Amino acid sequence: MKVVIAEKPSVAREIAALLGATEKKDGYLLGNGYYVTWAFGHLVGLGMPEDYGISGFQKSSLPILPDPFLLTVRKVKKEKIYTADAGALKQLNVIEHLIDRSEKIIVATDAGREGELIFRYIYEYLKSNKPFDRLWINSLTEKAIRQGLDNLKPGSDFDGLYQAAQGRSRADWLLGINASQALSIAVGNGIYSLGRVQTPTLALICRRYLENRNFSVQQYWQIQVSHTKEFIDFKSLSKNKWQDKKLVENILKSIERNGNTVTVTTVETKSVTEQPPLLFDLTGLQKEANKKLNLTAEETLNIAQSLYEKKFITYPRTGSKYIPEDMWAEIPNLIRALQDMGAFKQAVTKVKWGHFNKRIVNDLRVTDHHGLLITDKIPSALQAKENAVYNMIAFRLLEAISQACTKEITDITLQALHYDFALRGCKILEPGWRSIKGSFSDNDTGPVQELPELKKGDELKIKDASVLEKKTRPPVLYTEAGLLSAMETAGKEIENEEGRKAMQNVGIGTPATRASIIETLFSRNYIQRGNKSLLPTDKGLQVYELVKDKKITDVAMTAEWELALQKIENNESNAEVFQKEMEIYATSITNELLQTAIVQENLPSLVCPKCKKQQLIIRDKIVKCSDEVCNWVQFRNVCGVHVSITDIESLVNTGKTSLIRGMKSKAGKKFEAYIVLNEKGESSFEFEKSNLSGRN
C-alpha cells in the first residue's frame with residue numbers, strides 16, 4: 001500500500017478519484033492499493049515558550065534560543081489557555097496509522113515552501129523514516145495530476161525547499177518571540193508584537209503616513225491655453241510654475257495684449273515600443289485586483305486559491321511571470337478555449353495566430369512555479385469576484401502573447417512672449433497588445449491628446465486661456481497595491497547603491513506570505529483602512545516610535561534574509577549557518593530593546609467615573625478602575641472600532657466621546673454614534689437624530 005498525503009480534503013478527493021481510491025473512511029479514502037489522506041493546513045508547528053518550561057514574560061529568560069526546537073500539535077485558545085486542537089490530533093493519528101501500514105508515502109501537499117513544511121513537520125513529529133516521493137504539479141486538472149503521478153520526484157530533491165521553509169519558520173520564531181517579549185517588558189504597559197517581516201512592513205506604512213501628514217503643501221499657478229487647428233482642439237500648459245497669482249494674471253494679460261498668439265519653437269517626434277506585460281505572479285495579481293476591484297491582498301489570494309482548486313487556473317502562489325519552453329505548445333489550446341466565452345470573443349479576434357509573442361518563455365526565470373495561467377477547463381458560472389479575477393488572468397494571457405504596441409510620441413514647445421508652453425501628442429502606429437482591451441494609456445498617466453500637423457515657426461491663435469491653481473502633492477498614502485509594490489522592491493529603500501544592486505529583485509516577504517503579513521498588522525490593531533489607504537493606528541504609531549531606530553525595522557536586513565532563504569532553497573547556502581546568524585541577531589535585538597530607555601506614552605491621568613476615587617489604568621484593549629471592588633471597565637474596541645485615548649479622556653471627563661464613525665452592528669450594518677456615560681458610569685450609544693435608523 002501507498003499513502004498519499006494532501007494539504008486539504010478537497011485536493012485529496014481529486015487525487016483519490018484518479019487513483020481509484022473511492023471507499024470513504026474516517027479521515028481518508030481507500031482503494032486500488034492507495035490510502036489518500038490529508039492535513040488541515042499546519043497540523044504541527046514550533047512549540048511556544050511554555051513548551052520549554054518558560055511561562056509569562058521574564059527578562060531573565062531572554063533571549064530564548066531553543067536547542068533543539070520542539071514540534072507540537074497545533075493549539076487553540078480556550079479560556080486564556082492554549083491546548084492541543086482535538087481535530088488536529090485526530091487527523092494526525094489517522095496519518096500516523098496510515099503511514100505505519102504503508103511501504104511508501106506520496107507527498108501531495110501544495111508545491112511550495114509552506115506545503116513542504118506542512119508535510120515535513122508532520123513527518124518529523126511522527127518520527128517516521130518511511131521513504132517518500134513528491135507530487136509536484138502546477139494545476140489540479142486531471143491531465144496535470146496524471147502527469148505528476150507518472151513523474152513522481154524523489155523527496156530528497158526538495159530538501160533545500162524544506163530547509164528554507166524551516167529556516168524561515170525558525171527565524172520568525174526567534175525574532176517574533178524574543179523581540180515581542182523584550183519590548184513588552186521594556187514598556188511595561190500591555191503586550192506588543194514585533195516580527196521579522198511585520199515590523200519593517202509597519203515601518204513602511206508609518207513612515208509614509210508621517211511624510212504625508214507633515215508635508216508642507218505649497219500653492220502655485222500655471223497658465224493653460226487652448227488652440228484649434230484643422231478642426232482639432234488641443235491644450236498646452238506653461239512650463240513655468242509661479243507662486244504669485246497676481247503675477248500670473250498680469251502675464252496672461254500681457255500675452256493677450258501682444259496678439260494673443262503662440263509660436264511653435266520645437267517639435268520632437270519619436271517612436272516608442274511598448275512590450276506587452278508579462279504573466280501575473282501572485283503579487284502582480286494582488287496589486288491589479290486592489291487597483292481595479294478594490295480587493296485586499298488576502299481576498300485576492302483566497303479567490304485565486306478557490307479558482308485553482310476548481311481547476312480553472314494554475315497554482316497561484318507563484319513568484320514567476322514566465323513559463324518554461326516545454327509549456328509553449330499548450331498556449332494555443334488555452335487561447336482557443338477562450339473563443340467560446342462571451343467576455344473574450346472580441347479580444348481573441350485581435351490575437352495574431354502564427355505570430356504569438358514568446359516573451360513570456362524563459363526557463364531561467366521560472367521559479368518553483370510558472371506564471372499564472374488559465375487551464376483548458378473553462379468556467380460556466382462563477383461568483384462575481386471570482387469571475388473578475390479569472391478575467392484578469394485570462395486577459396493578461398491574451399495581452400502577453402500579443403505583439404508590442406508602437407506609438408509615435410510628439411513633444412512640442414510653444415512660446416508666447418518669452419514664456420514656454422508644452423504639449424504632447426500621441427499617434428498609435430500599431431495597437432498590438434493594447435487592442436486586447438482597447439486601452440491605449442495607463443490609468444495613472446491619463447489619455448494623451450491627438451494633435452494636428454505642427455512644425456517649427458507655426459503661429460497659433462489662443463482660443464482660450466486660464467490660470468490654473470495647483471498645489472504640491474505630499475507622498476501618497478499606501479494602498480494595498482502600493483504597499484505590495486514597496487514590499488516587492490524593498491531593495492529600493494536601501495540608500496547604498498551597491499547594496500541596492502545586490503538586493504535587486506528581492507523584497508520583504510514572498511508572494512505567498514505578503515497578504516498574511518498585511519492581515520497580521522490589521523489583527524494586531526497596528527493599521528486600519530481609510531477608504532483605500534492604509535493608515536497606522538495610535539498603537540501602530542506608538543510601536544513605530546519605539547522601534548523606528550532599531551535594527552528590527554531595517555528593510556534591507558529583512559530583504560537580505562529573503563535572499564539567504566532563496567540560496568538555501570537552491571542548495572547554495574547552509575541552513576545551519578543561517579540559523580546561527582538568526583540567533584545572534586535575535587540576541588542583539590533583544591538586548592537592544594531591553595536596554596533602551598522607553599519614553600512612556602503620555603497617558604492622561606483619569607479618575608474612575610463610577611467610584612469617583614481611584615485612578616484608571618489605561619491599556620491597549622481596556623480602561624479599568626484600579627480598585628478591584630469597584631471593577632469599572634470600558635473596552636476600547638467598540639463594534640469593530642478602536643476608541644482613541646482622546647475619546648476615552650472625553651468620555652470620562654465629559655461623559656461623551658466625539659462622533660465615532662465606521663462601527664458595525666451585529667447584523668453587519670455600519671453606523672455612527674457617540675458613546676456616553678450615565679451617572680452610574682454605565683456606557684451606551686447616543687445617536688444623532690439623522691442616524692437613528694442605524695441602530696439595528
# chains A, B, ... in the order shown; residues from 1 in each chain; ligands from 1
$ residues_around --residues "Ser683 in chain A" --least-positions-apart "6" --cutoff "12 Å" --atoms "only C-alpha atoms" --output "ChimeraX atom specification"
/A:609-610,632-636,638,648,651-652,655-657,674-677
$ residues_around --residues "Gly482 in chain A" --least-positions-apart "5" --cutoff "10 Å" --atoms "only C-alpha atoms" --output "list in words"
Lys287, Asn290, Lys291, Val476, Leu477, Met487, Glu488, Ser533 and Leu534 of chain A
$ write_last_selection --atoms "C-alpha atoms" --output "PDB file, in the first residue's frame"
ATOM      1  CA  LYS A 287      -1.803  44.696  -6.959  1.00  0.00           C
ATOM      2  CA  ASN A 290      -6.575  46.026  -5.452  1.00  0.00           C
ATOM      3  CA  LYS A 291      -6.382  48.857  -8.008  1.00  0.00           C
ATOM      4  CA  VAL A 476       0.599  59.370  -1.387  1.00  0.00           C
ATOM      5  CA  LEU A 477      -0.548  57.117   1.430  1.00  0.00           C
ATOM      6  CA  MET A 487       7.425  45.090  -0.160  1.00  0.00           C
ATOM      7  CA  GLU A 488       8.286  43.581  -3.529  1.00  0.00           C
ATOM      8  CA  SER A 533      -5.474  53.892   2.069  1.00  0.00           C
ATOM      9  CA  LEU A 534      -3.627  52.033   4.839  1.00  0.00           C
TER      10      LEU A 534
END
$ residues_around --residues "range 593-595 of chain A" --least-positions-apart "2" --cutoff "7 Å" --atoms "only C-alpha atoms" --output "JSON, numbers by chain"
{"A": [182, 183, 186, 589, 590, 591, 597]}
$ atom_distance --atom1 "CA of Gln198 in chain A" --atom2 "CA of Leu372 in chain A"
26.4 Å
$ select_by_dssp --residues "range 189-377 of chain A" --states "alpha helix (DSSP H)" --output "MDAnalysis selection string"
chainID A and resid 198:213 245:257 282:293 297:309 331:338 345:349
